[in-house]
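Participant: This is the structure I have questions about; it appears just below.
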Amino acid sequence: MLPLPLTLATVFIATLGFLYWYRRSKPKGYKEIPGPIGLPVFGNVLQLGTKMHLQFGRWADKYGEIFQIHLGNRRTVVVSDPRMVKEIFTNDPAFTGRAIFEGFEAYPNEPLGIASIEGEMWEVHRRFLLRQLRDFGFGKSSMEELVQEEVKETIAHLKKFQGKPIKNLKQMLQISVLNSLWTITANKRFNHDDPVVLKMMSDLQMILEEMMKKAIVLFVPIMRYIMPSIKLFDQLKAEGLKFYIDAVDSHKSTYQEDNLRDFIDAYLKEMKAQSNNPSSMFYGDKAERQLHVILGDVMFAGNDTTATTITWAIMYVTKFINIQQRIQKEILEVTGNARPVSLSDRLK
Ligand code: HEM
């Protein structure tokens, strides 16, 4: 054991080192703002609890609508006023930046895709994705037919339960949402009992859970040496990536210039157009890897969010029966239960 003076000197030097590093890690021009005091190394992570929105609310009451916390070693600014959030994200391109999360990339040390990158690569691909998804029907009436078809399939699937409890409503909705998105991006849909899609959905759920576990390593890097190695996340990530690589490979082998079927074909067309232009973002193997990751981003960003929103809506109307009855009455009045509801019904 070290003698007491040596122990104190070590702690003192370590604290000075930490304070020096902390000051140096401050981004240029960043002005410290009020916020709760945290622990060394962990910052405020341990104070967040499982209901972090409530803790954020308490901090906002104490420190104001904009305050600073530390997630491990990362300075994090929390904005809790909806008007301010809207102003920041709509008016100022400076806020389109993304934090780098090492270990989360689909391809190691190569930030790709749309949701987790910034700069020109993000701008060019985001614009391309939005334009192509719209051209293939996203958000248009042709997509409505696609969604109505999925609703029909889901109702048929629900009827199979014949009054018995439904174990996993969210997974069922995830498959419907996946089908709507995957038809536009890869021109394919899955049946509700297809083992490939069932595995994919349970993997997606596990990935989300494993991400939460792995997140602590992002914010408190020292945990990498304390926590058991987080292998499952990497394995699931690799399996997910393979799904997108296979989809792109099968599109490459059936590609026809004059018959673009979906987003993947549109991207391959752009890659072919830029095949002699090494400075293009759509050039070569990197662009192909970028396509794999964009597909993952669209599925990841669009699937759980939409399925969770619909699951909540169903839970609400299950709890508030009077609202459910009003909705049923309105549907009956408008459609006579003879046809699916449509967006154009909203005007009536
Ligand atoms: C209720 C449904 C949805 C919710 C609540 C939701 C929420 C969000 C939020 C909050 C962000 C911003 C994340 C950030 O700035 O870091 C985002 C980004 C994104 N979402 Fe959604 N989303 C939904 C549906 C969808 C759908 C259906 C798609 C598929 C086309 C999608 C694709 C994306 C993509 C690609 C991004 C990244 C955009 C970028 O970085 O520029 N989302 N979403």
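FYI, nothing fancy with the structure tokens labels: chains A, B, ... in order, residues from 1 per chain, ligands from 1 as they appear.
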Env of Glu149 (chain A): 10 Å cut, atoms = only C-alpha atoms, seq-sep filter 3 positions within chain, self excluded. Answer as number ranges by chain.
Facilitator: A: 143-146, 152-155, 176, 179-180, 340
Participant: May I ask you to write as a list in words all residues lying at most 7 Å from ligand 1, with only C-alpha atoms and all ligand atoms counted?
Facilitator: Ile114, Ala115, Ser116, Arg126, Leu181, Asp297, Val298, Met299, Ala301, Gly302, Asn303, Thr305, Thr306 and Thr309 of chain A
Participant: Limited to N, CA and C atoms, could you put the picked residues into a file as an mmCIF file, in the first residue's frame?
Facilitator:
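Saved file again.cif follows:
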data_model
loop_
_atom_site.group_PDB
_atom_site.id
_atom_site.type_symbol
_atom_site.label_atom_id
_atom_site.label_comp_id
_atom_site.auth_asym_id
_atom_site.auth_seq_id
_atom_site.Cartn_x
_atom_site.Cartn_y
_atom_site.Cartn_z
ATOM 1 N N ILE A 114 -26.734 8.619 -43.101
ATOM 2 C CA ILE A 114 -27.285 9.978 -43.058
ATOM 3 C C ILE A 114 -27.463 10.448 -41.620
ATOM 4 N N ALA A 115 -28.030 9.587 -40.798
ATOM 5 C CA ALA A 115 -28.412 10.023 -39.452
ATOM 6 C C ALA A 115 -27.216 10.359 -38.562
ATOM 7 N N SER A 116 -26.057 9.743 -38.808
ATOM 8 C CA SER A 116 -24.941 9.960 -37.878
ATOM 9 C C SER A 116 -23.769 10.707 -38.492
ATOM 10 N N ARG A 126 -28.619 13.309 -48.035
ATOM 11 C CA ARG A 126 -29.946 13.579 -47.468
ATOM 12 C C ARG A 126 -30.876 14.097 -48.578
ATOM 13 N N LEU A 181 -41.927 0.704 -45.914
ATOM 14 C CA LEU A 181 -40.641 1.360 -46.219
ATOM 15 C C LEU A 181 -39.807 0.532 -47.195
ATOM 16 N N ASP A 297 -30.061 3.078 -42.006
ATOM 17 C CA ASP A 297 -30.539 4.294 -41.321
ATOM 18 C C ASP A 297 -32.043 4.489 -41.531
ATOM 19 N N VAL A 298 -32.482 4.295 -42.782
ATOM 20 C CA VAL A 298 -33.906 4.518 -43.076
ATOM 21 C C VAL A 298 -34.754 3.514 -42.285
ATOM 22 N N MET A 299 -34.310 2.255 -42.280
ATOM 23 C CA MET A 299 -35.087 1.233 -41.565
ATOM 24 C C MET A 299 -35.055 1.492 -40.060
ATOM 25 N N ALA A 301 -34.347 4.371 -38.472
ATOM 26 C CA ALA A 301 -34.987 5.629 -38.060
ATOM 27 C C ALA A 301 -36.492 5.575 -38.270
ATOM 28 N N GLY A 302 -36.926 4.865 -39.310
ATOM 29 C CA GLY A 302 -38.353 4.909 -39.658
ATOM 30 C C GLY A 302 -39.185 3.833 -39.008
ATOM 31 N N ASN A 303 -38.562 2.707 -38.674
ATOM 32 C CA ASN A 303 -39.363 1.564 -38.252
ATOM 33 C C ASN A 303 -39.844 1.651 -36.812
ATOM 34 N N THR A 305 -39.693 4.068 -34.648
ATOM 35 C CA THR A 305 -40.400 5.316 -34.338
ATOM 36 C C THR A 305 -41.874 5.226 -34.742
ATOM 37 N N THR A 306 -42.118 4.814 -35.995
ATOM 38 C CA THR A 306 -43.495 4.787 -36.492
ATOM 39 C C THR A 306 -44.301 3.704 -35.778
ATOM 40 N N THR A 309 -45.198 4.786 -32.314
ATOM 41 C CA THR A 309 -46.266 5.801 -32.322
ATOM 42 C C THR A 309 -47.638 5.129 -32.494
#
Participant: Closest to Glu288 (chain A) among A:Leu112, A:Leu173, A:Val147, A:Ala313, using only C-alpha atoms?
Facilitator: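 That would be A:Leu112, the residue with the smallest distance to Glu288 (chain A).
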Participant: Which of these, A:Met200, A:Ala247, A:Ala287, A:Val41, has the shortest distance to Lys269 (chain A) once you count only C-alpha atoms?
Facilitator: A:Ala287
Participant: Please, what distance in Å, to one decimal, runs between CA of Leu232 (chain A) and CA of Ile207 (chain A)?
Facilitator: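 Distance reported for this atom pair: 8.3 Å.
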Participant: Which residues, written as number ranges by chain, have at least one atom at most 8 Å from region 279-283 of chain A, with only C-alpha atoms counted and residues fewer than 5 positions away on the same chain left out?
Facilitator: A: 121, 124, 270-271, 274, 288
